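Written below as structure tokens is the structure these notes are about.
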Amino acid sequence: MNCRSEVLEVSVEGRQVEEALLAVLHTVLLHRSTGKFHYKKEGTYSIGTVGTQDVDCDFIDFTYVRVSSEELDRALRKVVGEFKDALRNSGGDGLGQMSLEFYQKKKSRWPFSDECIPWEVWTVKVHVVALATEQERQICREKVGEKLCEKVINIVEVMNRHEYLPKMPTQSEVDNVFDTGLRDVQPYLYKISFQITDALGTSVTTTMRRLIKDTLAL
Amino acid sequence: METDLNSQDRKDLDKFIKFFALKTVQVIVQARLGEKICTRSSSSPTGSDWFNLAIKDIPEVTHEAKKALAGQLPAVGRSMCVEISLKTSEGDSMELEIWCLEMNEKCDKEIKVSYTVYNRLSLLLKSLLAITRVTPAYRLSRKQGHEYVILYRIYFGEVQLTGLGEGFQTVRVGTVGTPVGTITLSCAYRINLAFMSTRQFERTPPIMGIIIDHFVDRPYPSSSPMHPCNYRTAGEDTGVTYPSVEDSQEVCTTSFSTSPPSQCVFTVTKAHFQTPTPVVTDTLRVPMAGLAFSHQLSSSRLSYQPAALGVGSADLAYPVVFAAGLNATHPHQLMVPGKEGGVPLAPNQPVHGAQADQERLATCTPSDGTHCAATPSSSEDTETVSNSSEGRASPHDVLETIFVRKVGAFVNKPINQKPAFSKDDILPMDLGTFYREFQNPPQLSSLSIDIGAQSMAEDLDSLPEKLAVHEKNVREFDAFVETLQ
């Protein structure tokens with residue numbers, strides 16, 4: 001099965017990184033979350049209700065809609081915060097990317113571990129810019145807001161192509177498809193990773209590893 | 001082109017399309033009311049949330065949507081449109097967006113109605129929630145108030161885009177294929193205003209230049225795109241039945257409970273269902289402009305008659321405005337989300353002979369792929385509710401009431417309606433809303449001259465007596481003071 005991959009790029013000021021990433025991640029997860037499944041006898045199930053709420057950004061002229069789930073929001077804020085700290089501490093060009101990967105688990109027999117098969121990956125490339133004046137910052141607020149509007153439209157366009165989605169699982173397999181650990185909603189199984197890159201788009205860690213390898217090879 | 005759908009699938013599909021249309025209107029209008037929307041997730045199915053999404057129903061909006069649909073469903077050549085426009089304090093208006101729910105002839109014969117179509121419609125509604133926040137009109141609607149308001153109008157039939165000006169842009173929200181055609185949801189929006197941005201609407205004066213350049217005075221004959229509220233189809237007044245969808249089977253017993261204006265509790269009960277936990281919906285703290293003014297377009301020449309509704313303040317006029325089934329003697333007999341004076345509507349009778357709908361399913365069978373979501377029984381009886389047997393206020397009365405608000409609404413006040421960094425995560429209202437609501441408190445009675453003078457004279461007379469009492473108890477007072485040290 002081919003994994004669908006979508007890449008979005010944003011150029012933001014340092015203080016806008018978190019909100020821009022949360023806007024994108026939440027918009028994707030809004031479309032990739034359902035209500036909680038409640039299985040009944042005879043293999044039937046019912047689905048809970050997903051609530052939504054508007055979130056106004058403080059540093060961007062933008063409002064996005066997220067799923068009403070504090071647990072989900074906390075999880076995203078945690079990883080986005082880590083990314084922002086890593087970006088700040090890297091001392092590099094202010095380039096990084098975060099990936100939101102949806103996957104399915106495939107049970108394997110012993111001694112092999114379960115396989116995680118991604119079916120959709122969203123990558124957000126972040127470029128942090130430094131601005132000198134308040135006027136520039138004000139313009140940046142509006143521009144980034146407009147850009148995020150475009151990103152939301154892009155995301156919605158992809159979502160409504162109705163391409164591959166995992167089949168609805170039986171009760172025994174639901175944990176292979178959905179994250180059933182949240183109390184109020186049920187997103188598809190996902191994981192988020194990030195890396196700080198240099199100007200060539202190469203991960204800083206990869207570059208260091210390559211340098212050391214090359215040095216040892218001499 | 002239709003395929004050989006079995007009757008149950010056909011019936012389900014019609015129901016899905018109907019409620020999808022109604023929810024679409026709700027999402028769009030609520031996104032233009034000017035406030036943040038928040039609904040709660042529920043891990044257990046409530047049985048009343050169509051498409052497994054918590055989208056509350058503003059009764060007036062549902063009523064207007066049903067009136068526009070008049071029992072029909074979107075079909076080829078028959079689109080449901082929601083027009084969003086802006087109206088200034090000077091009375092000029094301008095169309096901002098047209099949201100279109102259309103159907104084309106491209107059929108997907110293989111698609112499963114009860115599962116795939118339903119889930120895709122749910123996804124499309126989520127996309128609509130996202131897209132309604134990114135078109136230019138959203139930022140404008142969040143800043144509406146004294147200088148301008150945002151209006152909506154629903155119509156059914158041919159899409160009318162001429163009012164959007166030249167160079168309007170279109171964004172497609174999404175499509176869902178069905179066995180009878182492909183449903184398409186899109187938005188055409190004006191871009192001229194986008195360049196002016198909301199900043200120009202934040203400054204109090206002047207806006208005359210903007211009005212001259214961009215707003216068009218609309219005459220109000222029936223041929224105008226903007227119609228007054230009597231945009232019914234012929235025959236509606238005679239109580240036309242709805243041939244396509246049998247509403248009588250879809251209404252379930254619904255009861256409202258009165259509650260403080262800040263919260264409204266809905267309890268949807270069903271004959272075959274365990275009564276779900278009442279869901280407290282967050283109130284929309286809204287200036288109501290988006291709802292109230294949709295009928296105002298033809299009302300600017302009407303006279304002012306606040307006494308007809310017995311309301312004392314311009315603010316309270318809003319909730320009164322909006323019920324089609326309003327009785328003039330009961331101005332608060334209307335459930336209005338958010339505004340002071342909003343009180344849940346207590347229908348005279350519950351649904352007239354309505355039967356709770358059969359809950360269609362929890363019959364999802366994952367193993368064979370014929371999944372289906374639990375479609376809720378219809379929670380609508382808003383049409384019944386609005387057709388209160390107490391009778392209707394005439395549109396004229398309703399429109400006149402709007403004029404009350406208009407007089408007070410557009411006084412230019414240098415108020416920052418949106419304090420910086422104000423958040424309403426904790427409190428149900430933000431600082432700006434609090435300030436707006438309490439900026440004109442009534443004068444304290446003790447500050448009025450007569451009462452003040454009277455009480456002072458009385459105080460002076462009783463002074464010797466009071467002094468005597470205090471002298472008598474001086475030791476007690478001293479002991480009390482010592483305990484404080």
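Simple scheme: letters A, B, ... for chains in structure tokens order, numbers from 1 for residues in each chain, numbers from 1 for ligands in the order shown.
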task = Find the spatial neighbours of segment 140-149 of chain A, counting only C-alpha atoms, within a cut-off of 7 Å - ignore same-chain residues fewer than 5 positions away - and output them as a VMD selection string.
result = (chain A and resid 12 59 to 62) or (chain B and resid 134)
ask   = Please, which residues of chain A lie no more than 6 Å from chain B when the count uses only C-alpha atoms, and can they be set out as a list in words?
value = Lys36, Gly43, Thr44, Tyr45, Ser46, Ile47, Gly48, Thr49, Val50, Gly51, Thr52, Gln53, Asp54, Val65, Ser68, Cys149, Val156, Asn160, Met168, Pro169, Thr170 and Asp184 of chain A
key: Distance criterion (only C-alpha atoms): nearest to Val67 of chain A out of A:His127, A:Val185, A:Gln171, A:Gln104   =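 Looking only at the distances to Val67 of chain A, the closest residue turns out to be A:Val185.
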task = Could you jot down the atom CA of Gln72 of chain B to atom CA of Arg32 of chain B separation for me, Å, one decimal place?
result = 25.4 Å
task = Could you give me, as an NGL selection string, each residue of segment 113-175 of chain A that DSSP assigns to strand (DSSP E) when run on this structure's backbone?
result = :A and (115-129)
Write out as a PDB file with all heavy atoms, in the first residue's frame which residues come within 7 Å of segment 179-190 of chain B when counting only C-alpha atoms, dropping same-chain ones fewer than 6 positions away.
ATOM      1  N   MET B   1     -29.226  11.160 -12.897  1.00  0.00           N
ATOM      2  CA  MET B   1     -29.653   9.811 -13.260  1.00  0.00           C
ATOM      3  C   MET B   1     -29.713   8.948 -12.019  1.00  0.00           C
ATOM      4  O   MET B   1     -28.793   8.961 -11.204  1.00  0.00           O
ATOM      5  CB  MET B   1     -28.625   9.257 -14.230  1.00  0.00           C
ATOM      6  CG  MET B   1     -28.946   7.877 -14.684  1.00  0.00           C
ATOM      7  SD  MET B   1     -27.615   7.271 -15.709  1.00  0.00           S
ATOM      8  CE  MET B   1     -27.952   5.544 -15.668  1.00  0.00           C
ATOM      9  N   GLU B   2     -30.758   8.229 -11.841  1.00  0.00           N
ATOM     10  CA  GLU B   2     -30.900   7.465 -10.617  1.00  0.00           C
ATOM     11  C   GLU B   2     -30.687   5.987 -10.908  1.00  0.00           C
ATOM     12  O   GLU B   2     -30.915   5.499 -11.984  1.00  0.00           O
ATOM     13  CB  GLU B   2     -32.293   7.684 -10.029  1.00  0.00           C
ATOM     14  CG  GLU B   2     -32.508   9.140  -9.654  1.00  0.00           C
ATOM     15  CD  GLU B   2     -33.766   9.298  -8.855  1.00  0.00           C
ATOM     16  OE1 GLU B   2     -34.355   8.291  -8.450  1.00  0.00           O
ATOM     17  OE2 GLU B   2     -34.168  10.448  -8.673  1.00  0.00           O
ATOM     18  N   THR B   3     -30.277   5.305  -9.895  1.00  0.00           N
ATOM     19  CA  THR B   3     -30.073   3.879 -10.065  1.00  0.00           C
ATOM     20  C   THR B   3     -31.186   3.185  -9.302  1.00  0.00           C
ATOM     21  O   THR B   3     -32.045   3.801  -8.700  1.00  0.00           O
ATOM     22  CB  THR B   3     -28.695   3.486  -9.543  1.00  0.00           C
ATOM     23  OG1 THR B   3     -28.805   2.223  -8.938  1.00  0.00           O
ATOM     24  CG2 THR B   3     -28.184   4.438  -8.550  1.00  0.00           C
ATOM     25  N   LEU B  96     -21.121  39.405   0.448  1.00  0.00           N
ATOM     26  CA  LEU B  96     -19.751  38.974   0.696  1.00  0.00           C
ATOM     27  C   LEU B  96     -19.492  37.562   0.168  1.00  0.00           C
ATOM     28  O   LEU B  96     -18.427  37.282  -0.366  1.00  0.00           O
ATOM     29  CB  LEU B  96     -19.454  38.991   2.203  1.00  0.00           C
ATOM     30  CG  LEU B  96     -19.569  40.349   2.905  1.00  0.00           C
ATOM     31  CD1 LEU B  96     -19.332  40.180   4.402  1.00  0.00           C
ATOM     32  CD2 LEU B  96     -18.575  41.342   2.328  1.00  0.00           C
ATOM     33  N   GLU B  97     -20.447  36.673   0.390  1.00  0.00           N
ATOM     34  CA  GLU B  97     -20.222  35.270   0.045  1.00  0.00           C
ATOM     35  C   GLU B  97     -21.538  34.638  -0.393  1.00  0.00           C
ATOM     36  O   GLU B  97     -22.608  35.031   0.080  1.00  0.00           O
ATOM     37  CB  GLU B  97     -19.777  34.449   1.272  1.00  0.00           C
ATOM     38  CG  GLU B  97     -18.548  34.908   1.970  1.00  0.00           C
ATOM     39  CD  GLU B  97     -18.327  34.140   3.264  1.00  0.00           C
ATOM     40  OE1 GLU B  97     -19.304  33.891   3.996  1.00  0.00           O
ATOM     41  OE2 GLU B  97     -17.176  33.823   3.540  1.00  0.00           O
ATOM     42  N   ILE B  98     -21.386  33.615  -1.231  1.00  0.00           N
ATOM     43  CA  ILE B  98     -22.523  32.752  -1.511  1.00  0.00           C
ATOM     44  C   ILE B  98     -22.031  31.321  -1.302  1.00  0.00           C
ATOM     45  O   ILE B  98     -21.091  30.866  -1.971  1.00  0.00           O
ATOM     46  CB  ILE B  98     -23.027  32.861  -2.974  1.00  0.00           C
ATOM     47  CG1 ILE B  98     -23.216  34.311  -3.387  1.00  0.00           C
ATOM     48  CG2 ILE B  98     -24.287  32.036  -3.165  1.00  0.00           C
ATOM     49  CD1 ILE B  98     -24.487  34.941  -2.948  1.00  0.00           C
ATOM     50  N   TRP B  99     -22.631  30.630  -0.383  1.00  0.00           N
ATOM     51  CA  TRP B  99     -22.302  29.209  -0.147  1.00  0.00           C
ATOM     52  C   TRP B  99     -23.341  28.376  -0.893  1.00  0.00           C
ATOM     53  O   TRP B  99     -24.537  28.595  -0.726  1.00  0.00           O
ATOM     54  CB  TRP B  99     -22.358  28.892   1.348  1.00  0.00           C
ATOM     55  CG  TRP B  99     -21.327  29.631   2.131  1.00  0.00           C
ATOM     56  CD1 TRP B  99     -21.424  30.901   2.622  1.00  0.00           C
ATOM     57  CD2 TRP B  99     -20.041  29.159   2.516  1.00  0.00           C
ATOM     58  NE1 TRP B  99     -20.279  31.245   3.278  1.00  0.00           N
ATOM     59  CE2 TRP B  99     -19.403  30.192   3.243  1.00  0.00           C
ATOM     60  CE3 TRP B  99     -19.348  27.954   2.330  1.00  0.00           C
ATOM     61  CZ2 TRP B  99     -18.125  30.063   3.767  1.00  0.00           C
ATOM     62  CZ3 TRP B  99     -18.071  27.825   2.858  1.00  0.00           C
ATOM     63  CH2 TRP B  99     -17.466  28.873   3.572  1.00  0.00           C
ATOM     64  N   CYS B 100     -22.857  27.454  -1.701  1.00  0.00           N
ATOM     65  CA  CYS B 100     -23.784  26.697  -2.546  1.00  0.00           C
ATOM     66  C   CYS B 100     -23.683  25.214  -2.266  1.00  0.00           C
ATOM     67  O   CYS B 100     -22.586  24.643  -2.281  1.00  0.00           O
ATOM     68  CB  CYS B 100     -23.444  26.896  -4.031  1.00  0.00           C
ATOM     69  SG  CYS B 100     -23.400  28.611  -4.496  1.00  0.00           S
ATOM     70  N   LEU B 101     -24.831  24.622  -2.056  1.00  0.00           N
ATOM     71  CA  LEU B 101     -24.926  23.172  -1.939  1.00  0.00           C
ATOM     72  C   LEU B 101     -25.642  22.699  -3.193  1.00  0.00           C
ATOM     73  O   LEU B 101     -26.819  22.972  -3.392  1.00  0.00           O
ATOM     74  CB  LEU B 101     -25.707  22.792  -0.680  1.00  0.00           C
ATOM     75  CG  LEU B 101     -25.932  21.308  -0.437  1.00  0.00           C
ATOM     76  CD1 LEU B 101     -24.621  20.573  -0.320  1.00  0.00           C
ATOM     77  CD2 LEU B 101     -26.754  21.091   0.826  1.00  0.00           C
ATOM     78  N   GLU B 102     -24.888  22.014  -4.036  1.00  0.00           N
ATOM     79  CA  GLU B 102     -25.423  21.660  -5.353  1.00  0.00           C
ATOM     80  C   GLU B 102     -25.352  20.154  -5.549  1.00  0.00           C
ATOM     81  O   GLU B 102     -24.660  19.440  -4.827  1.00  0.00           O
ATOM     82  CB  GLU B 102     -24.583  22.342  -6.450  1.00  0.00           C
ATOM     83  CG  GLU B 102     -24.585  23.850  -6.339  1.00  0.00           C
ATOM     84  CD  GLU B 102     -23.582  24.518  -7.263  1.00  0.00           C
ATOM     85  OE1 GLU B 102     -22.369  24.440  -6.979  1.00  0.00           O
ATOM     86  OE2 GLU B 102     -24.028  25.120  -8.257  1.00  0.00           O
ATOM     87  N   MET B 103     -26.046  19.729  -6.569  1.00  0.00           N
ATOM     88  CA  MET B 103     -26.019  18.309  -6.935  1.00  0.00           C
ATOM     89  C   MET B 103     -25.787  18.250  -8.441  1.00  0.00           C
ATOM     90  O   MET B 103     -26.437  18.976  -9.194  1.00  0.00           O
ATOM     91  CB  MET B 103     -27.364  17.669  -6.571  1.00  0.00           C
ATOM     92  CG  MET B 103     -27.500  16.232  -6.953  1.00  0.00           C
ATOM     93  SD  MET B 103     -26.909  15.114  -5.673  1.00  0.00           S
ATOM     94  CE  MET B 103     -28.368  14.906  -4.707  1.00  0.00           C
ATOM     95  N   ASN B 104     -24.865  17.397  -8.864  1.00  0.00           N
ATOM     96  CA  ASN B 104     -24.730  17.221 -10.301  1.00  0.00           C
ATOM     97  C   ASN B 104     -25.116  15.789 -10.666  1.00  0.00           C
ATOM     98  O   ASN B 104     -25.460  14.970  -9.824  1.00  0.00           O
ATOM     99  CB  ASN B 104     -23.321  17.586 -10.774  1.00  0.00           C
ATOM    100  CG  ASN B 104     -22.268  16.620 -10.255  1.00  0.00           C
ATOM    101  OD1 ASN B 104     -22.533  15.434 -10.047  1.00  0.00           O
ATOM    102  ND2 ASN B 104     -21.069  17.117 -10.029  1.00  0.00           N
ATOM    103  N   GLU B 105     -25.022  15.508 -11.960  1.00  0.00           N
ATOM    104  CA  GLU B 105     -25.582  14.238 -12.439  1.00  0.00           C
ATOM    105  C   GLU B 105     -24.649  13.053 -12.284  1.00  0.00           C
ATOM    106  O   GLU B 105     -25.034  11.933 -12.561  1.00  0.00           O
ATOM    107  CB  GLU B 105     -25.935  14.384 -13.923  1.00  0.00           C
ATOM    108  CG  GLU B 105     -27.096  15.336 -14.147  1.00  0.00           C
ATOM    109  CD  GLU B 105     -27.215  15.743 -15.593  1.00  0.00           C
ATOM    110  OE1 GLU B 105     -26.212  15.618 -16.328  1.00  0.00           O
ATOM    111  OE2 GLU B 105     -28.299  16.188 -15.995  1.00  0.00           O
ATOM    112  N   LYS B 106     -23.454  13.290 -11.864  1.00  0.00           N
ATOM    113  CA  LYS B 106     -22.483  12.198 -11.794  1.00  0.00           C
ATOM    114  C   LYS B 106     -22.807  11.295 -10.606  1.00  0.00           C
ATOM    115  O   LYS B 106     -22.697  11.699  -9.454  1.00  0.00           O
ATOM    116  CB  LYS B 106     -21.094  12.802 -11.627  1.00  0.00           C
ATOM    117  CG  LYS B 106     -19.958  11.829 -11.766  1.00  0.00           C
ATOM    118  CD  LYS B 106     -18.627  12.568 -11.631  1.00  0.00           C
ATOM    119  CE  LYS B 106     -17.522  11.548 -11.452  1.00  0.00           C
ATOM    120  NZ  LYS B 106     -16.260  12.172 -11.073  1.00  0.00           N
ATOM    121  N   CYS B 107     -23.207  10.072 -10.911  1.00  0.00           N
ATOM    122  CA  CYS B 107     -23.646   9.162  -9.857  1.00  0.00           C
ATOM    123  C   CYS B 107     -22.556   8.161  -9.521  1.00  0.00           C
ATOM    124  O   CYS B 107     -21.754   7.782 -10.368  1.00  0.00           O
ATOM    125  CB  CYS B 107     -24.891   8.384 -10.311  1.00  0.00           C
ATOM    126  SG  CYS B 107     -26.257   9.470 -10.725  1.00  0.00           S
ATOM    127  N   ASP B 108     -22.561   7.738  -8.306  1.00  0.00           N
ATOM    128  CA  ASP B 108     -21.677   6.655  -7.875  1.00  0.00           C
ATOM    129  C   ASP B 108     -22.586   5.508  -7.460  1.00  0.00           C
ATOM    130  O   ASP B 108     -23.130   5.491  -6.356  1.00  0.00           O
ATOM    131  CB  ASP B 108     -20.814   7.131  -6.706  1.00  0.00           C
ATOM    132  CG  ASP B 108     -19.780   6.087  -6.286  1.00  0.00           C
ATOM    133  OD1 ASP B 108     -19.955   4.894  -6.630  1.00  0.00           O
ATOM    134  OD2 ASP B 108     -18.811   6.460  -5.614  1.00  0.00           O
ATOM    135  N   LYS B 109     -22.753   4.573  -8.355  1.00  0.00           N
ATOM    136  CA  LYS B 109     -23.751   3.533  -8.115  1.00  0.00           C
ATOM    137  C   LYS B 109     -23.302   2.526  -7.074  1.00  0.00           C
ATOM    138  O   LYS B 109     -24.117   1.845  -6.475  1.00  0.00           O
ATOM    139  CB  LYS B 109     -24.057   2.798  -9.424  1.00  0.00           C
ATOM    140  CG  LYS B 109     -24.626   3.704 -10.490  1.00  0.00           C
ATOM    141  CD  LYS B 109     -24.814   2.957 -11.793  1.00  0.00           C
ATOM    142  CE  LYS B 109     -25.160   3.928 -12.907  1.00  0.00           C
ATOM    143  NZ  LYS B 109     -25.299   3.251 -14.204  1.00  0.00           N
ATOM    144  N   ILE B 111     -21.570   3.020  -4.334  1.00  0.00           N
ATOM    145  CA  ILE B 111     -21.289   3.522  -2.981  1.00  0.00           C
ATOM    146  C   ILE B 111     -22.370   3.065  -2.015  1.00  0.00           C
ATOM    147  O   ILE B 111     -23.550   2.969  -2.367  1.00  0.00           O
ATOM    148  CB  ILE B 111     -21.150   5.062  -3.008  1.00  0.00           C
ATOM    149  CG1 ILE B 111     -20.372   5.551  -1.790  1.00  0.00           C
ATOM    150  CG2 ILE B 111     -22.489   5.762  -3.120  1.00  0.00           C
ATOM    151  CD1 ILE B 111     -19.940   6.995  -1.899  1.00  0.00           C
ATOM    152  N   LEU B 164     -21.652  39.588  -6.182  1.00  0.00           N
ATOM    153  CA  LEU B 164     -20.337  39.501  -5.553  1.00  0.00           C
ATOM    154  C   LEU B 164     -19.315  40.402  -6.225  1.00  0.00           C
ATOM    155  O   LEU B 164     -18.161  40.469  -5.792  1.00  0.00           O
ATOM    156  CB  LEU B 164     -19.821  38.055  -5.606  1.00  0.00           C
ATOM    157  CG  LEU B 164     -20.597  37.064  -4.753  1.00  0.00           C
ATOM    158  CD1 LEU B 164     -20.064  35.651  -4.963  1.00  0.00           C
ATOM    159  CD2 LEU B 164     -20.497  37.421  -3.273  1.00  0.00           C
ATOM    160  N   GLY B 165     -19.716  41.048  -7.251  1.00  0.00           N
ATOM    161  CA  GLY B 165     -18.776  41.929  -7.920  1.00  0.00           C
ATOM    162  C   GLY B 165     -17.854  41.159  -8.851  1.00  0.00           C
ATOM    163  O   GLY B 165     -17.933  39.945  -8.983  1.00  0.00           O
ATOM    164  N   PHE B 168     -14.678  37.656  -8.284  1.00  0.00           N
ATOM    165  CA  PHE B 168     -14.860  36.902  -7.036  1.00  0.00           C
ATOM    166  C   PHE B 168     -14.128  35.568  -7.151  1.00  0.00           C
ATOM    167  O   PHE B 168     -13.885  35.058  -8.242  1.00  0.00           O
ATOM    168  CB  PHE B 168     -16.347  36.687  -6.739  1.00  0.00           C
ATOM    169  CG  PHE B 168     -17.071  35.887  -7.778  1.00  0.00           C
ATOM    170  CD1 PHE B 168     -17.086  34.491  -7.732  1.00  0.00           C
ATOM    171  CD2 PHE B 168     -17.760  36.519  -8.800  1.00  0.00           C
ATOM    172  CE1 PHE B 168     -17.759  33.765  -8.694  1.00  0.00           C
ATOM    173  CE2 PHE B 168     -18.443  35.800  -9.751  1.00  0.00           C
ATOM    174  CZ  PHE B 168     -18.439  34.409  -9.706  1.00  0.00           C
ATOM    175  N   GLN B 169     -13.772  35.017  -6.026  1.00  0.00           N
ATOM    176  CA  GLN B 169     -13.050  33.734  -6.018  1.00  0.00           C
ATOM    177  C   GLN B 169     -13.955  32.635  -5.485  1.00  0.00           C
ATOM    178  O   GLN B 169     -14.929  32.894  -4.773  1.00  0.00           O
ATOM    179  CB  GLN B 169     -11.801  33.853  -5.151  1.00  0.00           C
ATOM    180  CG  GLN B 169     -10.727  34.674  -5.828  1.00  0.00           C
ATOM    181  CD  GLN B 169      -9.379  34.546  -5.163  1.00  0.00           C
ATOM    182  OE1 GLN B 169      -9.255  33.875  -4.143  1.00  0.00           O
ATOM    183  NE2 GLN B 169      -8.383  35.198  -5.708  1.00  0.00           N
ATOM    184  N   THR B 170     -13.571  31.425  -5.844  1.00  0.00           N
ATOM    185  CA  THR B 170     -14.373  30.281  -5.421  1.00  0.00           C
ATOM    186  C   THR B 170     -13.480  29.290  -4.706  1.00  0.00           C
ATOM    187  O   THR B 170     -12.346  29.042  -5.122  1.00  0.00           O
ATOM    188  CB  THR B 170     -14.988  29.577  -6.648  1.00  0.00           C
ATOM    189  OG1 THR B 170     -15.682  30.548  -7.409  1.00  0.00           O
ATOM    190  CG2 THR B 170     -15.978  28.510  -6.224  1.00  0.00           C
ATOM    191  N   VAL B 171     -13.980  28.755  -3.633  1.00  0.00           N
ATOM    192  CA  VAL B 171     -13.263  27.670  -2.959  1.00  0.00           C
ATOM    193  C   VAL B 171     -14.225  26.492  -2.856  1.00  0.00           C
ATOM    194  O   VAL B 171     -15.387  26.651  -2.490  1.00  0.00           O
ATOM    195  CB  VAL B 171     -12.736  28.104  -1.565  1.00  0.00           C
ATOM    196  CG1 VAL B 171     -13.851  28.577  -0.651  1.00  0.00           C
ATOM    197  CG2 VAL B 171     -11.973  26.986  -0.901  1.00  0.00           C
ATOM    198  N   ARG B 172     -13.714  25.344  -3.231  1.00  0.00           N
ATOM    199  CA  ARG B 172     -14.568  24.159  -3.135  1.00  0.00           C
ATOM    200  C   ARG B 172     -14.326  23.488  -1.784  1.00  0.00           C
ATOM    201  O   ARG B 172     -13.184  23.170  -1.440  1.00  0.00           O
ATOM    202  CB  ARG B 172     -14.246  23.192  -4.263  1.00  0.00           C
ATOM    203  CG  ARG B 172     -15.283  22.078  -4.320  1.00  0.00           C
ATOM    204  CD  ARG B 172     -15.308  21.409  -5.648  1.00  0.00           C
ATOM    205  NE  ARG B 172     -14.274  20.408  -5.758  1.00  0.00           N
ATOM    206  CZ  ARG B 172     -14.239  19.490  -6.716  1.00  0.00           C
ATOM    207  NH1 ARG B 172     -15.160  19.475  -7.640  1.00  0.00           N
ATOM    208  NH2 ARG B 172     -13.268  18.627  -6.758  1.00  0.00           N
ATOM    209  N   VAL B 173     -15.364  23.292  -1.078  1.00  0.00           N
ATOM    210  CA  VAL B 173     -15.222  22.659   0.239  1.00  0.00           C
ATOM    211  C   VAL B 173     -15.053  21.153   0.066  1.00  0.00           C
ATOM    212  O   VAL B 173     -14.190  20.533   0.687  1.00  0.00           O
ATOM    213  CB  VAL B 173     -16.445  22.969   1.130  1.00  0.00           C
ATOM    214  CG1 VAL B 173     -16.267  22.357   2.514  1.00  0.00           C
ATOM    215  CG2 VAL B 173     -16.658  24.471   1.238  1.00  0.00           C
TER     216      VAL B 173
END
